[in-house]
>>> print(open('target_13.txt').read())   # compact mmCIF, N, CA and C atoms
# COMPACT_ATOMS: atom_id res chain seq x y z
N MET U 1 0.81 -1.21 0.00
CA MET U 1 0.00 0.00 0.00
C MET U 1 0.86 1.27 0.00
N ARG U 2 1.99 1.20 0.62
CA ARG U 2 2.86 2.36 0.68
C ARG U 2 3.30 2.80 -0.71
N TRP U 3 3.57 1.86 -1.61
CA TRP U 3 4.02 2.18 -2.96
C TRP U 3 2.98 3.00 -3.72
N ARG U 4 1.72 2.68 -3.51
CA ARG U 4 0.66 3.37 -4.23
C ARG U 4 0.71 4.88 -3.97
N GLY U 5 0.96 5.29 -2.75
CA GLY U 5 1.05 6.72 -2.43
C GLY U 5 2.26 7.39 -3.04
N ARG U 6 3.31 6.62 -3.31
CA ARG U 6 4.53 7.18 -3.89
C ARG U 6 4.58 7.05 -5.41
N ALA U 7 3.60 6.39 -6.00
CA ALA U 7 3.64 6.13 -7.44
C ALA U 7 3.68 7.41 -8.25
N ARG U 8 2.86 8.37 -7.91
CA ARG U 8 2.81 9.61 -8.69
C ARG U 8 4.13 10.38 -8.60
N PRO U 9 4.69 10.63 -7.41
CA PRO U 9 5.98 11.34 -7.36
C PRO U 9 7.10 10.58 -8.06
N VAL U 10 7.10 9.26 -7.96
CA VAL U 10 8.13 8.47 -8.65
C VAL U 10 7.98 8.64 -10.16
N LEU U 11 6.76 8.60 -10.66
CA LEU U 11 6.51 8.78 -12.09
C LEU U 11 6.94 10.17 -12.53
N ILE U 12 6.60 11.18 -11.76
CA ILE U 12 7.00 12.55 -12.10
C ILE U 12 8.52 12.67 -12.10
N GLY U 13 9.17 12.07 -11.10
CA GLY U 13 10.63 12.09 -11.06
C GLY U 13 11.25 11.38 -12.25
N ALA U 14 10.66 10.25 -12.65
CA ALA U 14 11.17 9.49 -13.80
C ALA U 14 11.02 10.30 -15.09
N ILE U 15 9.89 10.98 -15.24
CA ILE U 15 9.71 11.85 -16.41
C ILE U 15 10.75 12.97 -16.39
N GLY U 16 11.03 13.49 -15.19
CA GLY U 16 12.05 14.52 -15.06
C GLY U 16 13.43 14.03 -15.48
N VAL U 17 13.77 12.82 -15.06
CA VAL U 17 15.06 12.24 -15.45
C VAL U 17 15.12 12.06 -16.97
N ALA U 18 14.03 11.56 -17.56
CA ALA U 18 14.00 11.39 -19.02
C ALA U 18 14.15 12.73 -19.74
N THR U 19 13.54 13.76 -19.19
CA THR U 19 13.64 15.09 -19.79
C THR U 19 15.08 15.62 -19.66
N LEU U 20 15.73 15.35 -18.54
CA LEU U 20 17.13 15.74 -18.37
C LEU U 20 18.02 14.99 -19.36
N VAL U 21 17.73 13.73 -19.62
CA VAL U 21 18.50 12.96 -20.60
C VAL U 21 18.35 13.60 -21.99
N ILE U 22 17.14 13.99 -22.34
CA ILE U 22 16.93 14.66 -23.63
C ILE U 22 17.76 15.94 -23.70
N ALA U 23 17.81 16.71 -22.61
CA ALA U 23 18.60 17.95 -22.58
C ALA U 23 20.08 17.65 -22.79
N VAL U 24 20.58 16.63 -22.12
CA VAL U 24 21.99 16.28 -22.24
C VAL U 24 22.31 15.82 -23.66
N VAL U 25 21.45 14.99 -24.23
CA VAL U 25 21.66 14.51 -25.60
C VAL U 25 21.67 15.69 -26.58
N ALA U 26 20.73 16.62 -26.44
CA ALA U 26 20.69 17.80 -27.32
C ALA U 26 21.96 18.64 -27.16
N PHE U 27 22.43 18.79 -25.93
CA PHE U 27 23.66 19.56 -25.68
C PHE U 27 24.87 18.87 -26.31
N VAL U 28 24.98 17.57 -26.12
CA VAL U 28 26.11 16.81 -26.69
C VAL U 28 26.08 16.87 -28.22
N GLN U 29 24.90 16.72 -28.79
CA GLN U 29 24.79 16.81 -30.26
C GLN U 29 25.23 18.19 -30.75
N ASP U 30 24.86 19.24 -30.02
CA ASP U 30 25.29 20.58 -30.41
C ASP U 30 26.81 20.69 -30.34
N ARG U 31 27.41 20.18 -29.27
CA ARG U 31 28.86 20.26 -29.12
C ARG U 31 29.56 19.50 -30.25
N GLN U 32 29.03 18.34 -30.62
CA GLN U 32 29.62 17.56 -31.71
C GLN U 32 29.50 18.31 -33.03
N PHE U 33 28.33 18.88 -33.27
CA PHE U 33 28.11 19.67 -34.49
C PHE U 33 29.08 20.85 -34.53
N ALA U 34 29.16 21.58 -33.42
CA ALA U 34 30.01 22.78 -33.37
C ALA U 34 31.49 22.43 -33.57
N SER U 35 31.91 21.27 -33.09
CA SER U 35 33.33 20.90 -33.22
C SER U 35 33.69 20.54 -34.66
N ARG U 36 32.73 20.09 -35.45
CA ARG U 36 32.99 19.72 -36.84
C ARG U 36 32.61 20.81 -37.84
N ALA U 37 31.88 21.81 -37.38
CA ALA U 37 31.30 22.80 -38.28
C ALA U 37 32.31 23.82 -38.78
N GLU U 38 32.06 24.25 -40.00
CA GLU U 38 32.74 25.42 -40.56
C GLU U 38 31.93 26.64 -40.14
N ARG U 39 32.56 27.79 -40.13
CA ARG U 39 31.86 29.02 -39.78
C ARG U 39 31.98 30.01 -40.93
N ALA U 40 30.94 30.81 -41.09
CA ALA U 40 30.94 31.82 -42.13
C ALA U 40 30.20 33.05 -41.61
N ASP U 41 30.56 34.19 -42.16
CA ASP U 41 29.86 35.43 -41.83
C ASP U 41 28.63 35.54 -42.71
N GLY U 42 27.52 35.86 -42.08
CA GLY U 42 26.28 36.02 -42.82
C GLY U 42 25.62 37.33 -42.49
N GLN U 43 24.53 37.60 -43.19
CA GLN U 43 23.77 38.83 -42.98
C GLN U 43 22.28 38.52 -43.04
N VAL U 44 21.54 39.09 -42.10
CA VAL U 44 20.08 38.94 -42.10
C VAL U 44 19.54 39.79 -43.25
N VAL U 45 18.82 39.13 -44.18
CA VAL U 45 18.31 39.84 -45.36
C VAL U 45 16.82 40.15 -45.25
N ARG U 46 16.12 39.40 -44.41
CA ARG U 46 14.70 39.68 -44.16
C ARG U 46 14.25 38.89 -42.95
N LEU U 47 13.04 39.18 -42.50
CA LEU U 47 12.42 38.46 -41.40
C LEU U 47 11.16 37.79 -41.92
N VAL U 48 10.97 36.53 -41.54
CA VAL U 48 9.79 35.78 -41.94
C VAL U 48 8.86 35.73 -40.72
N SER U 49 7.62 36.17 -40.92
CA SER U 49 6.68 36.18 -39.80
C SER U 49 5.82 34.93 -39.81
N SER U 50 5.41 34.54 -38.61
CA SER U 50 4.52 33.41 -38.42
C SER U 50 3.51 33.81 -37.37
N SER U 51 2.24 33.83 -37.75
CA SER U 51 1.20 34.27 -36.83
C SER U 51 0.57 33.08 -36.13
N GLY U 52 0.49 33.20 -34.81
CA GLY U 52 -0.18 32.20 -34.00
C GLY U 52 -1.46 32.78 -33.44
N SER U 53 -2.05 32.08 -32.52
CA SER U 53 -3.32 32.54 -31.96
C SER U 53 -3.14 33.77 -31.07
N ARG U 54 -1.94 33.92 -30.49
CA ARG U 54 -1.74 35.04 -29.56
C ARG U 54 -0.75 36.09 -30.04
N SER U 55 0.19 35.70 -30.89
CA SER U 55 1.20 36.67 -31.30
C SER U 55 1.80 36.28 -32.64
N THR U 56 2.62 37.15 -33.14
CA THR U 56 3.37 36.92 -34.37
C THR U 56 4.84 36.81 -34.00
N THR U 57 5.50 35.75 -34.48
CA THR U 57 6.93 35.61 -34.24
C THR U 57 7.68 35.81 -35.56
N TYR U 58 8.96 36.12 -35.42
CA TYR U 58 9.78 36.44 -36.58
C TYR U 58 11.05 35.60 -36.56
N LYS U 59 11.36 34.98 -37.71
CA LYS U 59 12.60 34.23 -37.88
C LYS U 59 13.48 34.97 -38.88
N PRO U 60 14.78 35.01 -38.61
CA PRO U 60 15.68 35.68 -39.55
C PRO U 60 15.98 34.81 -40.77
N VAL U 61 16.06 35.43 -41.92
CA VAL U 61 16.54 34.77 -43.13
C VAL U 61 17.93 35.33 -43.38
N VAL U 62 18.91 34.42 -43.45
CA VAL U 62 20.32 34.81 -43.50
C VAL U 62 20.95 34.34 -44.81
N GLU U 63 21.74 35.21 -45.40
CA GLU U 63 22.53 34.85 -46.57
C GLU U 63 24.00 34.85 -46.20
N PHE U 64 24.74 33.86 -46.75
CA PHE U 64 26.18 33.81 -46.56
C PHE U 64 26.79 33.12 -47.77
N ARG U 65 28.09 33.26 -47.92
CA ARG U 65 28.77 32.69 -49.08
C ARG U 65 29.67 31.53 -48.65
N VAL U 66 29.63 30.48 -49.49
CA VAL U 66 30.50 29.32 -49.31
C VAL U 66 31.13 29.05 -50.66
N GLY U 67 32.43 29.21 -50.76
CA GLY U 67 33.11 28.96 -52.03
C GLY U 67 32.56 29.79 -53.16
N GLY U 68 32.17 31.01 -52.90
CA GLY U 68 31.63 31.89 -53.92
C GLY U 68 30.15 31.70 -54.20
N ARG U 69 29.55 30.67 -53.61
CA ARG U 69 28.12 30.38 -53.81
C ARG U 69 27.30 31.01 -52.69
N LEU U 70 26.21 31.68 -53.06
CA LEU U 70 25.33 32.31 -52.08
C LEU U 70 24.37 31.27 -51.53
N VAL U 71 24.32 31.17 -50.20
CA VAL U 71 23.44 30.22 -49.53
C VAL U 71 22.48 31.01 -48.65
N THR U 72 21.22 30.61 -48.64
CA THR U 72 20.19 31.26 -47.83
C THR U 72 19.58 30.24 -46.89
N ILE U 73 19.50 30.62 -45.61
CA ILE U 73 18.86 29.75 -44.61
C ILE U 73 17.86 30.59 -43.81
N THR U 74 16.92 29.91 -43.19
CA THR U 74 15.99 30.55 -42.26
C THR U 74 16.33 30.06 -40.86
N GLY U 75 16.46 30.99 -39.93
CA GLY U 75 16.77 30.63 -38.55
C GLY U 75 15.72 29.69 -37.98
N SER U 76 16.13 28.90 -37.01
CA SER U 76 15.23 27.89 -36.45
C SER U 76 14.37 28.41 -35.31
N VAL U 77 14.72 29.57 -34.76
CA VAL U 77 14.01 30.09 -33.59
C VAL U 77 13.33 31.41 -33.95
N GLY U 78 12.02 31.46 -33.72
CA GLY U 78 11.28 32.69 -33.92
C GLY U 78 11.09 33.41 -32.59
N SER U 79 10.94 34.71 -32.65
CA SER U 79 10.74 35.49 -31.43
C SER U 79 9.87 36.70 -31.71
N SER U 80 9.31 37.22 -30.64
CA SER U 80 8.52 38.44 -30.72
C SER U 80 8.84 39.27 -29.49
N PRO U 81 9.46 40.40 -29.66
CA PRO U 81 9.87 41.05 -30.91
C PRO U 81 11.02 40.29 -31.57
N PRO U 82 11.33 40.64 -32.81
CA PRO U 82 12.40 39.94 -33.51
C PRO U 82 13.74 40.05 -32.78
N SER U 83 14.50 38.95 -32.78
CA SER U 83 15.83 38.95 -32.16
C SER U 83 16.88 39.59 -33.06
N TYR U 84 16.58 39.69 -34.34
CA TYR U 84 17.53 40.22 -35.32
C TYR U 84 16.90 41.34 -36.13
N SER U 85 17.75 42.18 -36.67
CA SER U 85 17.32 43.25 -37.56
C SER U 85 17.83 42.97 -38.97
N VAL U 86 17.08 43.40 -39.97
CA VAL U 86 17.55 43.28 -41.34
C VAL U 86 18.85 44.06 -41.47
N GLY U 87 19.85 43.43 -42.08
CA GLY U 87 21.17 44.03 -42.23
C GLY U 87 22.15 43.62 -41.15
N GLU U 88 21.66 43.00 -40.09
CA GLU U 88 22.54 42.59 -38.99
C GLU U 88 23.47 41.47 -39.44
N LYS U 89 24.72 41.55 -38.99
CA LYS U 89 25.72 40.52 -39.29
C LYS U 89 25.62 39.41 -38.25
N VAL U 90 25.70 38.16 -38.71
CA VAL U 90 25.66 37.00 -37.82
C VAL U 90 26.71 35.99 -38.29
N THR U 91 27.05 35.08 -37.40
CA THR U 91 27.93 33.97 -37.75
C THR U 91 27.06 32.74 -37.89
N VAL U 92 27.30 31.98 -38.96
CA VAL U 92 26.57 30.73 -39.16
C VAL U 92 27.57 29.58 -39.07
N MET U 93 27.05 28.41 -38.69
CA MET U 93 27.85 27.19 -38.63
C MET U 93 27.20 26.16 -39.55
N TYR U 94 28.03 25.41 -40.27
CA TYR U 94 27.50 24.38 -41.16
C TYR U 94 28.54 23.26 -41.29
N LEU U 95 28.04 22.08 -41.55
CA LEU U 95 28.95 20.96 -41.78
C LEU U 95 29.51 21.06 -43.19
N PRO U 96 30.79 20.74 -43.38
CA PRO U 96 31.37 20.77 -44.72
C PRO U 96 30.52 19.92 -45.68
N GLY U 97 30.21 20.49 -46.82
CA GLY U 97 29.41 19.79 -47.81
C GLY U 97 27.91 19.95 -47.61
N ASN U 98 27.50 20.64 -46.53
CA ASN U 98 26.07 20.82 -46.29
C ASN U 98 25.78 22.24 -45.76
N PRO U 99 26.11 23.26 -46.54
CA PRO U 99 25.85 24.62 -46.05
C PRO U 99 24.37 24.94 -45.91
N GLU U 100 23.51 24.21 -46.64
CA GLU U 100 22.07 24.44 -46.51
C GLU U 100 21.54 24.02 -45.14
N GLY U 101 22.31 23.21 -44.43
CA GLY U 101 21.94 22.77 -43.09
C GLY U 101 22.52 23.67 -42.00
N ALA U 102 22.91 24.87 -42.37
CA ALA U 102 23.56 25.79 -41.43
C ALA U 102 22.59 26.24 -40.34
N THR U 103 23.18 26.67 -39.25
CA THR U 103 22.42 27.26 -38.15
C THR U 103 23.14 28.53 -37.71
N ILE U 104 22.39 29.45 -37.19
CA ILE U 104 22.99 30.68 -36.67
C ILE U 104 23.70 30.34 -35.37
N ASP U 105 24.92 30.82 -35.22
CA ASP U 105 25.69 30.57 -34.01
C ASP U 105 25.27 31.57 -32.94
N SER U 106 24.17 31.24 -32.26
CA SER U 106 23.65 32.12 -31.21
C SER U 106 23.16 31.27 -30.05
N TRP U 107 23.02 31.89 -28.90
CA TRP U 107 22.53 31.18 -27.72
C TRP U 107 21.16 30.57 -27.99
N GLU U 108 20.27 31.36 -28.58
CA GLU U 108 18.92 30.87 -28.83
C GLU U 108 18.91 29.64 -29.75
N SER U 109 19.68 29.71 -30.81
CA SER U 109 19.68 28.62 -31.78
C SER U 109 20.33 27.36 -31.24
N ARG U 110 21.33 27.53 -30.38
CA ARG U 110 22.10 26.38 -29.92
C ARG U 110 21.66 25.84 -28.57
N PHE U 111 21.26 26.70 -27.65
CA PHE U 111 21.07 26.25 -26.28
C PHE U 111 19.68 26.44 -25.72
N LEU U 112 18.78 27.07 -26.45
CA LEU U 112 17.43 27.27 -25.92
C LEU U 112 16.72 25.93 -25.67
N LEU U 113 16.73 25.05 -26.64
CA LEU U 113 16.04 23.76 -26.49
C LEU U 113 16.63 22.93 -25.35
N PRO U 114 17.96 22.71 -25.31
CA PRO U 114 18.49 21.95 -24.18
C PRO U 114 18.24 22.65 -22.84
N GLY U 115 18.30 23.97 -22.84
CA GLY U 115 18.07 24.71 -21.60
C GLY U 115 16.66 24.56 -21.08
N VAL U 116 15.69 24.63 -21.97
CA VAL U 116 14.28 24.47 -21.57
C VAL U 116 14.05 23.05 -21.05
N PHE U 117 14.57 22.05 -21.76
CA PHE U 117 14.40 20.67 -21.30
C PHE U 117 15.09 20.45 -19.96
N ALA U 118 16.28 21.02 -19.78
CA ALA U 118 16.98 20.87 -18.50
C ALA U 118 16.19 21.51 -17.36
N LEU U 119 15.66 22.69 -17.59
CA LEU U 119 14.88 23.37 -16.55
C LEU U 119 13.63 22.56 -16.19
N ILE U 120 12.91 22.12 -17.19
CA ILE U 120 11.71 21.31 -16.94
C ILE U 120 12.09 20.02 -16.21
N GLY U 121 13.16 19.38 -16.66
CA GLY U 121 13.60 18.14 -16.03
C GLY U 121 13.97 18.35 -14.57
N LEU U 122 14.70 19.43 -14.27
CA LEU U 122 15.07 19.71 -12.88
C LEU U 122 13.84 19.95 -12.01
N VAL U 123 12.89 20.69 -12.52
CA VAL U 123 11.65 20.94 -11.76
C VAL U 123 10.94 19.63 -11.49
N LEU U 124 10.79 18.79 -12.51
CA LEU U 124 10.08 17.52 -12.33
C LEU U 124 10.82 16.59 -11.38
N VAL U 125 12.14 16.54 -11.46
CA VAL U 125 12.90 15.72 -10.51
C VAL U 125 12.72 16.26 -9.10
N GLY U 126 12.76 17.57 -8.96
CA GLY U 126 12.54 18.19 -7.65
C GLY U 126 11.16 17.84 -7.07
N VAL U 127 10.14 17.91 -7.91
CA VAL U 127 8.78 17.55 -7.46
C VAL U 127 8.73 16.08 -7.08
N GLY U 128 9.41 15.24 -7.87
CA GLY U 128 9.40 13.80 -7.59
C GLY U 128 10.11 13.46 -6.29
N ILE U 129 11.14 14.22 -5.96
CA ILE U 129 11.89 13.98 -4.72
C ILE U 129 11.16 14.50 -3.51
N ALA U 130 10.48 15.63 -3.68
CA ALA U 130 9.83 16.28 -2.54
C ALA U 130 8.69 15.48 -1.94
>>> encode(input="target_13.txt", output="structure tokens")
Amino acid sequence: MRWRGRARPVLIGAIGVATLVIAVVAFVQDRQFASRAERADGQVVRLVSSSGSRSTTYKPVVEFRVGGRLVTITGSVGSSPPSYSVGEKVTVMYLPGNPEGATIDSWESRFLLPGVFALIGLVLVGVGIA
């Protein structure tokens, strides 16, 4: 009977641990990507808007050159207000041979997802322990 009363906190704690594992995996994948990636200077050429039920978010569209070829990517993170301005210079990272898979080298693009998962995981583990 004692286990039944602890089942919910144990489950919440287990979900928290799983969420922390996801955060660690995302962080490690970013570190591996960053260690192999080439870097290039880019420029925000426009902002792409996406309207939701409550607000409009904006993603940067960035152009950069690789071997004389112009490459255009859209940032993976939208924000409101926009995090970037048209004309702003940014650094992009891409794996050799795949510049179309580039990402903006910024805190939001690289660490927001692992950070959110880590925070949620810590809260859930804390609730499970308490």
>>> select_by_dssp(input="target_13.txt", residues="stretch 60-128 of chain U", states="helix (DSSP H, G or I)", output="number ranges by chain")
U: 107-128
>>> residues_around(input="target_13.txt", residues="U:Pro81", least_positions_apart="6", cutoff="8 Å", atoms="all atoms listed in the file", output="list in words")
Thr56, Thr57 and Tyr58 of chain U
>>> atom_distance(input="target_13.txt", atom1="atom CA of U:Lys59", atom2="atom N of U:Ile120")
24.0 Å
>>> closest_residue(input="target_13.txt", among="U:Val61, U:Met93, U:Val44, U:Val77", to="U:Gln32", atoms="only C-alpha atoms")
U:Met93
>>> closest_residue(input="target_13.txt", among="U:Ser79, U:Asn98, U:Gln43, U:Ser51", to="U:Leu112", atoms="only C-alpha atoms")
U:Ser79
>>> closest_residue(input="target_13.txt", among="U:Glu88, U:Gly78, U:Leu95, U:Arg54", to="U:Arg36", atoms="all atoms listed in the file")
U:Leu95
>>> residues_near_point(input="target_13.txt", point="(15.8, 23.6, -21.2)", cutoff="12 Å", atoms="only C-alpha atoms", output="list in words")
Gly16, Thr19, Leu20, Val21, Ile22, Ala23, Val24, Val25, Ala26, Phe27, Glu108, Arg110, Phe111, Leu112, Leu113, Pro114, Gly115, Val116, Phe117, Ala118, Leu119, Ile120, Gly121, Leu122 and Val123 of chain U
>>> closest_residue(input="target_13.txt", among="U:Ala34, U:Leu11, U:Val17, U:Val28", to="U:Thr103", atoms="only C-alpha atoms")
U:Ala34
>>> residues_near_point(input="target_13.txt", point="(17.4, 32.0, -46.8)", cutoff="6 Å", atoms="all atoms listed in the file", output="VMD selection string")
chain U and resid 61 to 63 71 to 74
>>> axis_aligned_box(input="target_13.txt", around="stretch 69-77 of chain U", padding_each_side="3 Å", output="AutoDock Vina command-line options")
--center_x 21.4 --center_y 30.1 --center_z -43.7 --size_x 22.2 --size_y 10.4 --size_z 26.2
>>> atom_distance(input="target_13.txt", atom1="atom CA of U:Val92", atom2="atom CA of U:Gly42")
6.4 Å
>>> select_by_dssp(input="target_13.txt", residues="chain U", states="strand (DSSP E or B)", output="ChimeraX atom specification")
/U:38-51,56-66,69-74,79,89-95,98-104
>>> atom_distance(input="target_13.txt", atom1="atom C of U:Asp105", atom2="atom C of U:Gly67")
21.6 Å
>>> closest_residue(input="target_13.txt", among="U:Asp41, U:Arg69, U:Ser109, U:Ala130", to="U:Lys89", atoms="all atoms listed in the file")
U:Asp41
>>> closest_residue(input="target_13.txt", among="U:Trp107, U:Val86, U:Gly128, U:Tyr94", to="U:Ala40", atoms="all atoms listed in the file")
U:Tyr94
